[in-house]
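A.B. asks: Mind having a look at this structure? Questions to follow.
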Amino acid sequence: MLAQRLSTMLGATLALVVLGSLLAASPAAAAASPLSRAAATRRSLLQAEVPQATEVPQTTPQTTPQATRRRPRPAVPVPLLPLVPPTVPSPNATDLAVDSWNATGTNATVANTTATIFAPTDAAFAALATSLGFASPLDLFNSTYNATAANITALHVIPGQALTAANITALGNVTLPSLLPGYNLTITALPNGTVTVTVPGSDVFGTVVTPDVPFDGSIVHVIDTVLLPPTNDTAGWALPLP
């Protein structure tokens with residue numbers, strides 16, 4: 001009787017062992033086990049394919065073409081041009097008048113102002129140089145004679161007013177102070193339309209050959225003679241005129 005009971009118990013134990021083995025091997029049993037699910041989750045995370053980082057396209061830095069790249073340029077001094085008379089002067093050329101305007105500093109005196117300027121032709125300066133015994137009109141602007149040339153140049157300027165030919169014709173005859181202190185200019189419009197200019201008391205008269213030339217806010221009238229003060233009126237100049 002005892003032996004039969006032991007045999008029954010042993011059989012039941014073996015049956016339980018076999019059933020446990022079958023259940024352990026079953027996928028459903030593995031899925032039902034919390035520990036198994038946790039282990040499977042860790043494995044899936046560790047074994048999952050890691051997404052690749054998005055590749056940032058490499059851009060080549062844009063360079064400014066050499067031709068368009070702006071670089072500061074060093075200041076280059078502007079050389080002073082020598083005074084050179086025209087090789088073939090035209091009848092009404094005023095290159096020497098411009099030379100006198102610059103070489104004597106009159107341009108700085110009249111800068112940014114309004115004026116009426118009477119500019120002698122190159123032929124007029126050549127005639128003056130000959131009368132003074134100079135070999136070239138450029139001798140009028142040398143270091144010795146420059147102060148006298150500055151006075152002569154200032155004598156041809158009426159500061160503060162830009163008189164056109166029409167203004168002069170309307171006035172008929174007018175005397176106005178020149179840029180040279182103590183000296184006036186008398187401008188006359190003749191009935192035939194000719195305009196003349198002179199220093200009162202002088203026997204030198206200039207005739208306008210080209211009127212109304214605009215110049216830096218002023219009006220230039222080209223004349224055929226270099227104006228001079230009355231005879232012996234330059235005694236106080238650095239180099240008096242003969």
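Going through the structure tokens in order, the chains are called A, B, and so on, while each chain numbers its residues from 1 and the ligands are numbered from 1 in the order shown.
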Any idea what's packed within 8 Å of Pro200 in chain A, counting only C-alpha atoms, ignoring anything in its chain fewer than 5 positions away? Could you give it as a list in words?
C.D. replies: Asn184, Leu185, Thr186, Pro229 and Pro230 of chain A
A.B. asks: Name the residues in contact with range 131-145 of chain A at a cut-off of 12 Å, using only C-alpha atoms, excluding same-chain residues fewer than 2 positions from it; report them as a PyMOL selection string.
C.D. replies: chain A and resi 82-86+95-105+121-129+147-153+226+237-242
A.B. asks: Taking only C-alpha atoms into account, which of A:Thr164, A:Ser202, A:Thr94, A:Thr207 comes nearest Asp224 in chain A?
C.D. replies: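 Nearest candidate to Asp224 in chain A out of A:Thr164, A:Ser202, A:Thr94, A:Thr207: A:Thr207.
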A.B. asks: Could you list, with a cut-off of 10 Å and counting only C-alpha atoms, the residues of range 154-216 of chain A near range 106-119 of chain A, each shown with its nearest atom pair and the distance in Å rounded to one decimal, rows sorted by chain and ascending number, as a Markdown table?
C.D. replies:
```
| residue | atom | partner | partner_atom | distance |
| --- | --- | --- | --- | --- |
| A:Ala154 | CA | A:Thr106 | CA | 6.7 |
| A:Leu155 | CA | A:Phe118 | CA | 9.0 |
| A:His156 | CA | A:Phe118 | CA | 5.2 |
| A:Val157 | CA | A:Ile117 | CA | 4.6 |
| A:Ile158 | CA | A:Thr116 | CA | 5.0 |
| A:Pro159 | CA | A:Ala115 | CA | 4.4 |
| A:Gly160 | CA | A:Thr114 | CA | 5.0 |
| A:Gln161 | CA | A:Ala115 | CA | 4.8 |
| A:Ala162 | CA | A:Thr116 | CA | 4.7 |
| A:Leu163 | CA | A:Thr116 | CA | 5.8 |
| A:Thr164 | CA | A:Thr116 | CA | 8.2 |
| A:Ser178 | CA | A:Thr116 | CA | 9.4 |
| A:Leu179 | CA | A:Val110 | CA | 8.9 |
| A:Val197 | CA | A:Phe118 | CA | 8.5 |
| A:Gly206 | CA | A:Phe118 | CA | 8.8 |
| A:Thr207 | CA | A:Phe118 | CA | 9.7 |
| A:Val208 | CA | A:Phe118 | CA | 8.2 |
| A:Thr210 | CA | A:Ala119 | CA | 9.6 |
| A:Pro211 | CA | A:Phe118 | CA | 9.3 |
| A:Asp212 | CA | A:Thr116 | CA | 9.5 |
| A:Val213 | CA | A:Ile117 | CA | 9.4 |
| A:Pro214 | CA | A:Thr116 | CA | 9.8 |
| A:Phe215 | CA | A:Ile117 | CA | 9.0 |
| A:Asp216 | CA | A:Asn112 | CA | 7.9 |
```
A.B. asks: Please, what distance in Å, to one decimal, runs between CA of Asn173 in chain A and CA of His221 in chain A?
C.D. replies: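 Atom-to-atom, CA of Asn173 in chain A to CA of His221 in chain A, that is 16.0 Å.
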A.B. asks: Among range 75-194 of chain A, which residues does DSSP mark as strand (DSSP E or B) when it is run on the backbone? Keep the chain and numbering as in the structure and answer as a ChimeraX atom specification.
C.D. replies: /A:115-120,157-159,173-177,184-189
A.B. asks: Next, dump the selected residues to file, keeping only C-alpha atoms, as a PDB file, in the first residue's frame.
C.D. replies:
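Below you can see again31.pdb, which holds the result:
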```pdb
ATOM      1  CA  ALA A 115      34.067 136.715 -59.572  1.00  0.00           C
ATOM      2  CA  THR A 116      34.380 138.343 -62.976  1.00  0.00           C
ATOM      3  CA  ILE A 117      37.733 137.407 -64.511  1.00  0.00           C
ATOM      4  CA  PHE A 118      39.408 139.021 -67.519  1.00  0.00           C
ATOM      5  CA  ALA A 119      41.861 136.474 -68.922  1.00  0.00           C
ATOM      6  CA  PRO A 120      44.533 137.722 -71.376  1.00  0.00           C
ATOM      7  CA  VAL A 157      39.671 140.014 -61.219  1.00  0.00           C
ATOM      8  CA  ILE A 158      36.516 141.674 -59.888  1.00  0.00           C
ATOM      9  CA  PRO A 159      35.559 139.694 -56.762  1.00  0.00           C
ATOM     10  CA  ASN A 173      29.824 151.735 -68.302  1.00  0.00           C
ATOM     11  CA  VAL A 174      30.793 150.724 -64.773  1.00  0.00           C
ATOM     12  CA  THR A 175      33.854 151.027 -62.531  1.00  0.00           C
ATOM     13  CA  LEU A 176      34.345 148.360 -59.885  1.00  0.00           C
ATOM     14  CA  PRO A 177      37.138 147.489 -57.417  1.00  0.00           C
ATOM     15  CA  ASN A 184      39.661 149.619 -59.974  1.00  0.00           C
ATOM     16  CA  LEU A 185      38.561 148.382 -63.363  1.00  0.00           C
ATOM     17  CA  THR A 186      36.380 150.331 -65.755  1.00  0.00           C
ATOM     18  CA  ILE A 187      34.270 148.189 -68.086  1.00  0.00           C
ATOM     19  CA  THR A 188      32.583 149.795 -71.076  1.00  0.00           C
ATOM     20  CA  ALA A 189      30.062 148.429 -73.562  1.00  0.00           C
TER      21      ALA A 189
END
```
A.B. asks: Taking only C-alpha atoms into account, which of A:Thr234, A:Asn146, A:Ser218, A:Thr194 comes nearest Ala166 in chain A?
C.D. replies: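 Result for the nearest residue to Ala166 in chain A: A:Thr194.
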A.B. asks: To one decimal in Å, tell me the separation between CA of Asn167 in chain A and CA of Ile219 in chain A.
C.D. replies: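 For CA of Asn167 in chain A relative to CA of Ile219 in chain A, the distance reads 11.3 Å.
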A.B. asks: Where does DSSP see alpha helix (DSSP H) in range 108-145 of chain A, if you list the residues as a PyMOL selection string?
C.D. replies: chain A and resi 108-110+122-131
A.B. asks: Rounded to one decimal place, report the CA of Gly201 in chain A-CA of Val222 in chain A distance in Å.
C.D. replies: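 The value is 21.7 Å.
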